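Notes follow the structure.
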6 protein chains.
Amino acid sequence: MQNIISNRDWADVLIQALPYIRKYTGKTVVVKYGGNAMLNDELKQAVMEDLVLMTLVGIRTVLVHGGGPEINAALDRIGKEAKFIDGLRYTDEQTMEVVQEVLAGKLNKEIVSVLQRAGGKAVGLCGIDGGMLRARRLIRNNIDLGYVGEVTSVDSSVIRHLLSEQYIPVISTIAVGEGDDIHAYNINADTAAAQIAIDLGAEKFIQITNVPGILRNMDDPESLIPVLSRPEIQPLQRDGVISGGMIPKVECCVLALEGGVRRTHIIDGRVAHSLLIEVFSDKALGTMIL
Amino acid sequence: MQNIISNRDWADVLIQALPYIRKYTGKTVVVKYGGNAMLNDELKQAVMEDLVLMTLVGIRTVLVHGGGPEINAALDRIGKEAKFIDGLRYTDEQTMEVVQEVLAGKLNKEIVSVLQRAGGKAVGLCGIDGGMLRARRLIRNNIDLGYVGEVTSVDSSVIRHLLSEQYIPVISTIAVGEGDDIHAYNINADTAAAQIAIDLGAEKFIQITNVPGILRNMDDPESLIPVLSRPEIQPLQRDGVISGGMIPKVECCVLALEGGVRRTHIIDGRVAHSLLIEVFSDKALGTMIL
Amino acid sequence: MQNIISNRDWADVLIQALPYIRKYTGKTVVVKYGGNAMLNDELKQAVMEDLVLMTLVGIRTVLVHGGGPEINAALDRIGKEAKFIDGLRYTDEQTMEVVQEVLAGKLNKEIVSVLQRAGGKAVGLCGIDGGMLRARRLIRNNIDLGYVGEVTSVDSSVIRHLLSEQYIPVISTIAVGEGDDIHAYNINADTAAAQIAIDLGAEKFIQITNVPGILRNMDDPESLIPVLSRPEIQPLQRDGVISGGMIPKVECCVLALEGGVRRTHIIDGRVAHSLLIEVFSDKALGTMIL
Amino acid sequence: MQNIISNRDWADVLIQALPYIRKYTGKTVVVKYGGNAMLNDELKQAVMEDLVLMTLVGIRTVLVHGGGPEINAALDRIGKEAKFIDGLRYTDEQTMEVVQEVLAGKLNKEIVSVLQRAGGKAVGLCGIDGGMLRARRLIRNNIDLGYVGEVTSVDSSVIRHLLSEQYIPVISTIAVGEGDDIHAYNINADTAAAQIAIDLGAEKFIQITNVPGILRNMDDPESLIPVLSRPEIQPLQRDGVISGGMIPKVECCVLALEGGVRRTHIIDGRVAHSLLIEVFSDKALGTMIL
Amino acid sequence: MQNIISNRDWADVLIQALPYIRKYTGKTVVVKYGGNAMLNDELKQAVMEDLVLMTLVGIRTVLVHGGGPEINAALDRIGKEAKFIDGLRYTDEQTMEVVQEVLAGKLNKEIVSVLQRAGGKAVGLCGIDGGMLRARRLIRNNIDLGYVGEVTSVDSSVIRHLLSEQYIPVISTIAVGEGDDIHAYNINADTAAAQIAIDLGAEKFIQITNVPGILRNMDDPESLIPVLSRPEIQPLQRDGVISGGMIPKVECCVLALEGGVRRTHIIDGRVAHSLLIEVFSDKALGTMIL
Amino acid sequence: MQNIISNRDWADVLIQALPYIRKYTGKTVVVKYGGNAMLNDELKQAVMEDLVLMTLVGIRTVLVHGGGPEINAALDRIGKEAKFIDGLRYTDEQTMEVVQEVLAGKLNKEIVSVLQRAGGKAVGLCGIDGGMLRARRLIRNNIDLGYVGEVTSVDSSVIRHLLSEQYIPVISTIAVGEGDDIHAYNINADTAAAQIAIDLGAEKFIQITNVPGILRNMDDPESLIPVLSRPEIQPLQRDGVISGGMIPKVECCVLALEGGVRRTHIIDGRVAHSLLIEVFSDKALGTMIL
């Protein structure tokens, strides 16, 4: 059903949105999307539409995706148990092969297809392409996690070339080893997204999550903290306001900011078109960290 | 007071407006504005804001203005009676001097100032500049109207150069004679605007008026004809639906369309931001003729 | 009657002039012309021809004009007495309106017409256009002069764009207020011309006057000082050689020189084509200050 | 061990090769490589080195790969039997998923890694990316083959962009449906390679096989036919000289030639560096069809 | 001694010359100079100055020179008699060597030196350079003239490149044989100059001679024919007005005109700076054929 | 007879040569060739072919030539004895004329012809052209050598322009005097070549000689020193390993290296295609000094 909007509202939205459109035209925005936030098909469709609309008005948009649930399902299909150590997936040779096939072969190309049906031009890549992400084996607390890598260098040239031709690059976070090591490594998608945003000199880094942003009081959705500056983070973490799964998300924002990204956002993927509204208005649909 | 707009409305406006923004980015829109529609200061301010916003997202915007009421006031001040023959101002030497001074010296520069305060970059010109409008004495029904001219050639090069540098050209419709005749001529602003739109290869030609558009029944604002194709005009004129002051407005639209302009509009300047809504939505705030 | 010139003279003129032509091709020359020097129609015609010829060989030529006598006549017509305080015109609201109409509406466009008939491409602007001249109210000796302004910033971008397209920009020296003050201000044309020359990085700033230049002995036309360097000015002023109306002219030259203009000239507008000869020869038809 | 080559041989190779290098610099060469020819690791390494060297001297090189044996192995791992109808793989939903994962997720990225270790810049894509290959379900003899597609349109824009930036595009031949059908389809790699070569306006289309080229007498390696023109094909096919697996290879060459590709080659992948020698000499290491 | 020129004359020369300067800026002028006209050192100096001044204002100037008297002197020095058949120099192997050495080695470089001292940038070439002039042995009336050639193709690319970099190309008219024949041939300078003018698409082709132009009555210098159109030539030739050495000069003009050169001139090299006056005025210092 | 080269050799040469081709594409190589090394016609032909092939793959190649033996022959022909002082040719006025005619008029153009027949585009210049080489009279040990000059400035602009258009500039080492001195001077070709290489920022400077390079033991061709660094030179000179005619050759290399040329070579012109092999392999056919 057609939504009836008054002339006044039309004009007001445009008057507020046009300066944002101008502001971000030609700028780069890196969006991290994945995991549970990506499971609802209707919301996923809305995110893809938003990305296409952003591109339409000249924003250089990059999508970095994860795919944990899908990988688990695939491992399950071949009867292999997913194994986690300290929250990181233990990745043996066979698991790595599955990770690569599911992320770079299946999910990545599915997203490309959806973006294209929504009217965009998209190209799917992983960190191996163009030597974009180089990594070495991640050793944490002396525990061997297999082919889990930490990024040692980022070269986003191929992303830049595609952005210049108005493509939406869609990136799976698999890296290639350094030097002669051409083994593939599994990379945490949030971190990789932040590192790519840095290398691109992005204006914005947006994580689409399945939470409303940072709440001062977890039980009160009205207690959303719309804007947070870096010095405010540590006290909030100490007070337990920033805790659990929110900690690594905030850390990725800080990483991006320190690398020169101008603004970072943790937004609520459960609100339809939250991405579009975030970019083109001053409405708070999550927390901005700067 | 801040107007509260729901997320859904925000998203809907943007989703509908962004494709229009993309469609008109880089395209040329010629707006004719003047006479009584220009007298209300608040509405005038809204029109200027709309022009600036259009420029902001890359639309090449040209404003052609008239100024009948102001000219009458100026003639009045020097104790000279305005004289009209068949609806055209009789323009003797002294009147012409006043017309030129008021249009090109006073109104034109005032509009430039307002556009600039609204954040735009504007440059005021008249048809003499760059030899933009050349004219000869208009002879109608063998009656001498003095320095009233009809345009014999249009050269919009200087407008194009300014558009390429993101200026909003503001044009007073005074022309210079042909060849060695360097006398100035007073030109009907609606016609001149249509001719400039043709020479620029404009995408749209918009006349801002003080009527709601073409009404099938003049007493019923609900009877607006939102879209009209050229073959439908003559029957409507025969039936008296198009009559009076609307006839020359429609004729200017037809002139523009025959010269290659893609879409022409007669919109209601009494609705705030009707220009913005017209360009960036499919809402009907007047009549489109194509 | 055709002037017969010998082959030897032809060759000599060309041999001397061609290096000057080369030297100034692509360079910017700002010419101030106005007041009494502009009243003789034949000499005015010669100046316009000179400007067109300069443009023809690639000199970027800007004309800044005044119009005191015409303004007086216009004020006279509406029965308003011109009022001067310390040599500056007292400018109330109504006077300012007349100034703007006469300068930007009438004289400016007349000059454009004459330049175009002489084969040039000209565009008339005032300091309001493109925000070229911003001003604040001039307070001198605690006396209120009304809308007389002093320039606070110059932005000659629009002049540059027009020069790049081979137009001759013709400038009326009316400024717009700063920030939200969109009132128009009357600006001294000599000073504004010097300031525009500075902002353009002009090679030359030429004032066309109705005197032969600086004479060592006012009664002896043979006593012309052809070249003057800045340190020589003060002694000459002390000795009364530079006096009266020549003082502000020389001050404008010094202003331009200090702002980086390479050469400044006060030339005799009563000698036909003195502008052309000045630019393309080493003949002294006035005083060069450097 | 270092191979000792005489000065005369050095000079002779260079004198013969340099004109070929010049001839193909800036030209596009599409190489199809896959199946059994790709199984020997040492030869595969040599092919990758050749591709990198070709790129080094400015040849725009595209690699299209297949992967039949790997797909069979993957299906085998999940206990699914590969099923062929008339030589075409029957591709149900699950098989298609495996095909996509193995080709686009695993093999494609492995090849990219090897090319990069050999000093090249490579990017792996499949036909879904940038809407490169669109397909519809292939119906042959009324038999349903599942998600086996035939290409309905090729858009190689993204390949062109990457070639312009000196990347080696590596293509898996998976296509996306037309219009709203975003299902993936399995495409015959030889045919897709020929179609891409046509769309790119390639100079050469080279199929690397595991046969010595077309032999007049299958048992006599000396009976190689080095050059074949199109009219000669049908008689040879009638006489059984072109038969079996060679028929579709020759058909792909004819398809490419009819689409405007200048030269097509069937070369022997079992001779190390046959690709390099083919491009940079007039030695016959297979059959050229033109 | 300084020549005193009145202001009026200065202005008149400039007013007349500037449009010519503009007209020829960026255009190509080919000047043929040589033989007896080149013997007077002072006049030669004036020609070189004129060429430099023409270049100064952006005219693309090419000088083609001959050198008959110098060749005779050189042959004389080695005790070899100059031998002419039908006005063409019989050129055996040894003579050809002398011709090449004197023209391309000695005279060409001397002219380059003089042009450079006059402030120009010059480069000396002969028809062998860049394969500019290809020739075959000229056979006339079955008489063998040795290495006298007729031009079979002109490739003025190298001249164009040098003109684009503001050099004055100075050309000796020696050609190289066609195909494998790399012998040098002696070419008539007038004809070669016309052919080069054609290949360059020159605006003007000027022959500097030691006659006043075409005189209707050879004994009356006042009887100069300033302008001649092609149809007028044949009658004048029949009447003996065009005769002797003037015939081949006129034929070269016709050749150039038929090849697309706009204007051709035969001017008097004995009048100082006749070249400069010819190009930058409408004075007649010779005959223009068009 | 066709030289039969095995596939392995073909591939090996290409694999080794292609990186060199890439390395030197777009780089400048200055080759000095002349004197006795140039006398064998077959070897000369091979050198010219090598230069053309180098140009073919984008190397910017400059040939500087000498011509001592030819000059002696020419002097002989006019009965003038060649006279040397300290190894330098005593050059009186007449000798200088002969030098210029033979080098710039005869040899230079012959080389241009041969290069063009070999498929190249060549242009012959001497140091006078474009003011490339300026010189003053060389005074050594107070002995007057006549018109022997030492270079005081190099301006290789004209060479650069020709290289940009893919020409092979061929340079005779005659210079013009400084300032008003337009006399021609005879310049040592080796030194001039080094100086031109410096001004061009050449990557390589190669002297083609008639010796195998620097031998540790003059009688043992196996004792070639393939690579020499600057500090090793003095000891070798002290030990007599570098002696006689090799000393000035090595000095020219050092001059070039100190001026910024990356690598310098003294190679054996008696081995066919030694130039090609030197540039495109790591084979030692002479001595590299760096």
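Convention: chains lettered A, B, ... in structure tokens order; per-chain residue numbering from 1; ligands numbered from 1 as shown.
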
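Residues of segment 235-288 of chain B assigned to strand (DSSP E or B) by DSSP on this structure's backbone: Arg263, Thr264, His265, Ile266, Ile267, Asp268, Gly286, Thr287 and Met288 of chain B.
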
Limited to C-alpha atoms, could you put the picked residues into a file as a tab-separated table (two decimals), in the first residue's frame?
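That gives us selection.tsv:
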chain	number	residue	atom	x	y	z
B	263	ARG	CA	9.30	18.15	-20.03
B	264	THR	CA	7.55	21.43	-19.22
B	265	HIS	CA	5.66	22.34	-16.08
B	266	ILE	CA	3.28	25.02	-14.83
B	267	ILE	CA	3.49	24.82	-11.04
B	268	ASP	CA	1.94	26.59	-8.10
B	286	GLY	CA	0.73	21.64	-11.07
B	287	THR	CA	0.43	20.49	-14.66
B	288	MET	CA	3.13	18.77	-16.64

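Every protein or nucleic acid residue with an atom no more than 9 Å from Leu257 of chain E, counting only C-alpha atoms and leaving out same-chain residues fewer than 5 positions away, appears here: Ala194, Ile198, Phe205, Arg230, Cys252, Arg262, Arg263, Thr264, Ile289 and Leu290 of chain E.
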
Exercise answer, chain E residues close to chain C, 8 Å and only C-alpha atoms, as a PyMOL selection string: chain E and resi 3+5+7+9-15+18-19+21-22+53+56-57+273+276-277

Atomic distance atom CA of Gly79 of chain C - atom CA of Thr91 of chain B, expressed in Å with one decimal: 23.0 Å

Go ahead and align chain F to chain A (same sequence, so just pair every C-alpha in order, least squares) and export the moved chain as a short mmCIF file (atom, residue, chain, number, x, y, z; two decimals) with C-alpha atoms, in the first residue's frame.
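And here is the file that came out, part_39.cif:
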data_model
loop_
_atom_site.label_atom_id
_atom_site.label_comp_id
_atom_site.auth_asym_id
_atom_site.auth_seq_id
_atom_site.Cartn_x
_atom_site.Cartn_y
_atom_site.Cartn_z
CA MET F 1 0.00 -0.07 0.04
CA GLN F 2 1.27 3.36 -0.90
CA ASN F 3 2.37 5.39 2.08
CA ILE F 4 0.81 8.89 1.96
CA ILE F 5 3.29 11.58 2.95
CA SER F 6 2.33 15.22 3.22
CA ASN F 7 3.96 17.89 1.06
CA ARG F 8 5.48 19.41 4.13
CA ASP F 9 7.08 16.14 5.15
CA TRP F 10 8.34 15.60 1.63
CA ALA F 11 9.95 19.01 1.56
CA ASP F 12 11.35 18.63 5.06
CA VAL F 13 12.97 15.28 4.34
CA LEU F 14 14.50 16.59 1.14
CA ILE F 15 15.69 19.83 2.70
CA GLN F 16 17.39 17.86 5.44
CA ALA F 17 18.66 15.04 3.24
CA LEU F 18 20.04 16.97 0.27
CA PRO F 19 22.96 18.47 2.17
CA TYR F 20 23.89 14.97 3.37
CA ILE F 21 23.67 13.68 -0.17
CA ARG F 22 26.01 16.40 -1.29
CA LYS F 23 28.29 15.80 1.67
CA TYR F 24 28.77 12.12 0.95
CA THR F 25 28.78 12.20 -2.85
CA GLY F 26 32.23 11.01 -3.90
CA LYS F 27 33.04 9.84 -0.38
CA THR F 28 33.70 6.24 0.60
CA VAL F 29 31.51 4.33 3.06
CA VAL F 30 32.46 0.85 4.23
CA VAL F 31 29.59 -1.26 5.57
CA LYS F 32 30.11 -4.43 7.59
CA TYR F 33 27.11 -6.73 7.44
CA GLY F 34 26.84 -10.31 8.45
CA GLY F 35 26.15 -12.98 10.93
CA ASN F 36 22.73 -12.92 12.57
CA ALA F 37 21.87 -9.46 11.24
CA MET F 38 21.89 -10.95 7.76
CA LEU F 39 19.48 -13.81 8.39
CA ASN F 40 16.15 -11.99 7.88
CA ASP F 41 15.55 -11.96 4.14
CA GLU F 42 13.31 -8.90 4.10
CA LEU F 43 15.73 -6.77 6.10
CA LYS F 44 18.62 -8.06 3.99
CA GLN F 45 16.71 -6.94 0.91
CA ALA F 46 16.30 -3.46 2.47
CA VAL F 47 20.02 -3.23 3.21
CA MET F 48 20.85 -4.12 -0.39
CA GLU F 49 18.39 -1.50 -1.66
CA ASP F 50 20.01 1.07 0.60
CA LEU F 51 23.46 0.25 -0.74
CA VAL F 52 22.23 0.61 -4.30
CA LEU F 53 20.55 3.96 -3.54
CA MET F 54 23.72 5.24 -1.87
CA THR F 55 25.69 4.31 -4.98
CA LEU F 56 23.06 5.98 -7.12
CA VAL F 57 23.90 9.41 -5.73
CA GLY F 58 27.62 8.89 -6.07
CA ILE F 59 28.65 7.44 -2.71
CA ARG F 60 31.47 4.93 -3.07
CA THR F 61 30.06 1.98 -1.17
CA VAL F 62 31.90 -1.16 -0.06
CA LEU F 63 30.21 -4.12 1.57
CA VAL F 64 32.24 -6.47 3.78
CA HIS F 65 30.32 -9.55 4.81
CA GLY F 66 30.72 -12.42 7.25
CA GLY F 67 28.81 -15.68 7.30
CA GLY F 68 29.18 -17.61 10.53
CA PRO F 69 25.77 -19.30 10.54
CA GLU F 70 26.13 -20.46 6.92
CA ILE F 71 29.58 -21.91 7.63
CA ASN F 72 28.25 -23.82 10.59
CA ALA F 73 25.48 -25.26 8.44
CA ALA F 74 27.97 -26.33 5.77
CA LEU F 75 30.25 -28.00 8.29
CA ASP F 76 27.21 -29.68 9.71
CA ARG F 77 26.33 -31.05 6.28
CA ILE F 78 29.67 -32.83 6.00
CA GLY F 79 29.38 -34.04 9.58
CA LYS F 80 32.09 -31.83 10.96
CA GLU F 81 31.59 -30.14 14.31
CA ALA F 82 32.29 -26.42 14.54
CA LYS F 83 34.87 -25.85 17.24
CA PHE F 84 35.54 -22.52 18.96
CA ILE F 85 38.42 -21.49 21.19
CA ASP F 86 38.03 -18.20 23.05
CA GLY F 87 35.29 -17.21 20.61
CA LEU F 88 37.47 -17.86 17.58
CA ARG F 89 36.68 -20.70 15.19
CA TYR F 90 39.32 -23.41 15.22
CA THR F 91 40.10 -23.81 11.52
CA ASP F 92 41.82 -26.93 10.31
CA GLU F 93 42.64 -27.53 6.65
CA GLN F 94 39.27 -29.01 5.79
CA THR F 95 37.37 -26.34 7.73
CA MET F 96 39.31 -23.64 5.92
CA GLU F 97 38.31 -25.16 2.60
CA VAL F 98 34.69 -25.09 3.66
CA VAL F 99 34.99 -21.51 4.94
CA GLN F 100 36.47 -20.39 1.63
CA GLU F 101 33.89 -22.22 -0.46
CA VAL F 102 30.95 -20.94 1.56
CA LEU F 103 32.11 -17.35 1.92
CA ALA F 104 33.82 -16.65 -1.40
CA GLY F 105 31.95 -19.18 -3.54
CA LYS F 106 28.41 -19.12 -2.20
CA LEU F 107 27.47 -16.17 0.04
CA ASN F 108 29.59 -13.59 -1.76
CA LYS F 109 28.05 -14.35 -5.13
CA GLU F 110 24.53 -14.52 -3.67
CA ILE F 111 24.93 -11.00 -2.30
CA VAL F 112 26.25 -9.83 -5.66
CA SER F 113 23.15 -11.27 -7.32
CA VAL F 114 20.78 -9.57 -4.91
CA LEU F 115 22.52 -6.20 -5.30
CA GLN F 116 22.28 -6.49 -9.06
CA ARG F 117 18.61 -7.35 -9.02
CA ALA F 118 18.12 -4.24 -6.87
CA GLY F 119 19.61 -2.21 -9.71
CA GLY F 120 23.24 -2.00 -8.63
CA LYS F 121 26.47 -3.08 -10.27
CA ALA F 122 28.35 -5.37 -7.88
CA VAL F 123 31.52 -7.41 -7.96
CA GLY F 124 32.41 -10.07 -5.43
CA LEU F 125 35.98 -10.44 -4.22
CA CYS F 126 37.87 -11.99 -1.37
CA GLY F 127 41.06 -10.82 0.25
CA ILE F 128 43.11 -13.08 -2.01
CA ASP F 129 42.13 -11.09 -5.11
CA GLY F 130 44.69 -8.49 -6.07
CA GLY F 131 46.64 -9.45 -2.93
CA MET F 132 44.15 -7.32 -1.00
CA LEU F 133 44.59 -8.96 2.40
CA ARG F 134 47.85 -10.60 3.44
CA ALA F 135 47.92 -12.47 6.74
CA ARG F 136 49.96 -14.62 9.06
CA ARG F 137 48.80 -17.32 11.44
CA LEU F 138 47.22 -15.80 14.51
CA ILE F 139 48.78 -17.04 17.72
CA ARG F 140 46.78 -16.09 20.80
CA ASN F 141 47.75 -17.20 24.29
CA ASN F 142 50.01 -19.82 22.71
CA ILE F 143 46.99 -21.61 21.36
CA ASP F 144 47.06 -22.87 17.80
CA LEU F 145 43.87 -21.91 16.00
CA GLY F 146 44.81 -23.43 12.65
CA TYR F 147 44.24 -21.27 9.58
CA VAL F 148 42.95 -18.28 11.48
CA GLY F 149 44.98 -15.29 10.37
CA GLU F 150 45.73 -11.77 11.41
CA VAL F 151 46.09 -9.21 8.66
CA THR F 152 49.64 -7.96 8.06
CA SER F 153 48.98 -5.72 5.07
CA VAL F 154 46.03 -4.30 3.16
CA ASP F 155 46.14 -3.23 -0.48
CA SER F 156 42.77 -1.95 -1.53
CA SER F 157 43.80 -0.90 -5.06
CA VAL F 158 41.42 -3.29 -6.73
CA ILE F 159 38.56 -1.97 -4.60
CA ARG F 160 39.43 1.58 -5.59
CA HIS F 161 39.43 0.71 -9.28
CA LEU F 162 36.02 -0.90 -8.99
CA LEU F 163 34.63 2.04 -7.00
CA SER F 164 35.85 4.40 -9.70
CA GLU F 165 33.74 2.47 -12.15
CA GLN F 166 30.68 2.67 -9.90
CA TYR F 167 30.73 -0.93 -8.80
CA ILE F 168 29.82 -2.01 -5.28
CA PRO F 169 32.69 -4.27 -4.19
CA VAL F 170 31.48 -7.11 -1.96
CA ILE F 171 34.29 -8.59 0.11
CA SER F 172 34.70 -11.99 1.79
CA THR F 173 37.33 -11.75 4.50
CA ILE F 174 39.68 -14.50 3.45
CA ALA F 175 43.34 -13.57 3.22
CA VAL F 176 46.35 -15.04 1.48
CA GLY F 177 49.61 -15.74 3.29
CA GLU F 178 52.63 -13.51 3.05
CA GLY F 179 55.46 -14.03 0.54
CA ASP F 180 55.56 -17.60 -0.69
CA ASP F 181 52.85 -18.81 1.69
CA ILE F 182 49.84 -18.98 -0.58
CA HIS F 183 47.63 -20.73 1.90
CA ALA F 184 44.30 -19.07 2.61
CA TYR F 185 43.46 -17.73 6.07
CA ASN F 186 40.16 -17.07 7.78
CA ILE F 187 39.97 -13.47 9.00
CA ASN F 188 37.59 -11.83 11.45
CA ALA F 189 35.21 -9.82 9.27
CA ASP F 190 34.71 -6.84 11.61
CA THR F 191 38.44 -6.22 11.93
CA ALA F 192 39.09 -6.71 8.24
CA ALA F 193 36.30 -4.28 7.41
CA ALA F 194 37.84 -1.65 9.68
CA GLN F 195 41.26 -2.19 8.11
CA ILE F 196 39.87 -1.90 4.60
CA ALA F 197 38.04 1.30 5.61
CA ILE F 198 41.36 2.70 6.82
CA ASP F 199 43.23 1.78 3.66
CA LEU F 200 40.48 3.32 1.53
CA GLY F 201 40.53 6.53 3.57
CA ALA F 202 36.81 5.99 4.15
CA GLU F 203 34.61 8.76 5.47
CA LYS F 204 32.38 6.35 7.36
CA PHE F 205 32.60 2.83 8.72
CA ILE F 206 29.22 1.33 9.56
CA GLN F 207 28.60 -1.96 11.36
CA ILE F 208 25.06 -3.25 10.89
CA THR F 209 24.18 -5.30 13.97
CA ASN F 210 21.12 -6.83 15.59
CA VAL F 211 21.13 -4.46 18.57
CA PRO F 212 19.79 -0.89 18.84
CA GLY F 213 23.23 0.61 19.45
CA ILE F 214 24.82 1.28 22.84
CA LEU F 215 22.19 1.57 25.55
CA ARG F 216 23.04 3.22 28.84
CA ASN F 217 20.54 0.88 30.43
CA MET F 218 20.30 -2.36 28.53
CA ASP F 219 16.64 -2.77 29.44
CA ASP F 220 15.59 0.69 28.33
CA PRO F 221 15.58 1.27 24.60
CA GLU F 222 15.09 4.99 25.28
CA SER F 223 18.53 5.10 26.89
CA LEU F 224 20.36 4.94 23.55
CA ILE F 225 23.65 6.85 23.47
CA PRO F 226 23.49 8.49 20.03
CA VAL F 227 26.99 9.94 19.97
CA LEU F 228 30.11 8.82 21.76
CA SER F 229 33.59 10.24 21.65
CA ARG F 230 36.64 8.10 22.18
CA PRO F 231 37.49 9.30 25.69
CA GLU F 232 34.00 8.33 26.88
CA ILE F 233 34.49 4.69 25.93
CA GLN F 234 36.73 3.46 28.74
CA PRO F 235 34.52 4.69 31.61
CA LEU F 236 31.47 3.13 29.96
CA GLN F 237 33.31 -0.14 29.57
CA ARG F 238 34.37 -0.01 33.21
CA ASP F 239 30.76 0.57 34.22
CA GLY F 240 29.62 -2.41 32.18
CA VAL F 241 27.56 -0.29 29.76
CA ILE F 242 29.79 -1.50 26.95
CA SER F 243 30.12 -5.22 27.49
CA GLY F 244 29.96 -8.67 25.92
CA GLY F 245 29.67 -8.75 22.13
CA MET F 246 29.59 -4.94 22.03
CA ILE F 247 33.24 -4.72 23.12
CA PRO F 248 34.83 -6.02 19.89
CA LYS F 249 32.41 -3.88 17.83
CA VAL F 250 33.49 -0.75 19.68
CA GLU F 251 37.13 -1.80 19.36
CA CYS F 252 36.74 -2.01 15.61
CA CYS F 253 35.31 1.51 15.61
CA VAL F 254 38.27 2.78 17.61
CA LEU F 255 40.69 0.96 15.28
CA ALA F 256 39.05 2.64 12.27
CA LEU F 257 39.03 6.07 13.91
CA GLU F 258 42.69 5.81 14.85
CA GLY F 259 43.43 4.87 11.24
CA GLY F 260 41.83 8.07 9.99
CA VAL F 261 38.21 7.10 9.28
CA ARG F 262 36.09 10.13 10.10
CA ARG F 263 32.99 8.59 11.60
CA THR F 264 32.05 5.11 12.74
CA HIS F 265 28.59 3.74 13.47
CA ILE F 266 27.00 0.75 15.12
CA ILE F 267 23.45 0.68 13.78
CA ASP F 268 20.38 -1.47 14.18
CA GLY F 269 19.88 -3.78 11.23
CA ARG F 270 16.44 -4.73 12.52
CA VAL F 271 15.00 -1.35 11.57
CA ALA F 272 14.24 -1.37 7.86
CA HIS F 273 16.43 1.07 5.92
CA SER F 274 18.35 2.10 9.00
CA LEU F 275 21.42 2.38 6.79
CA LEU F 276 19.77 4.89 4.45
CA ILE F 277 18.38 6.95 7.29
CA GLU F 278 21.71 6.92 9.10
CA VAL F 279 23.60 8.25 6.09
CA PHE F 280 21.05 10.81 4.89
CA SER F 281 19.69 12.29 8.11
CA ASP F 282 20.68 13.33 11.59
CA LYS F 283 18.33 10.79 13.12
CA ALA F 284 19.95 8.42 15.60
CA LEU F 285 19.32 4.77 14.72
CA GLY F 286 22.29 3.54 16.64
CA THR F 287 25.46 4.93 18.11
CA MET F 288 27.97 7.08 16.32
CA ILE F 289 31.52 6.92 17.69
CA LEU F 290 33.97 9.64 16.70
#

Filtered DSSP result for segment 75-287 of chain C, state alpha helix (DSSP H), as an NGL selection string: :C and (75-77 or 93-100 or 108-117 or 157-164 or 189-200 or 233-238 or 246-258 or 274-280)
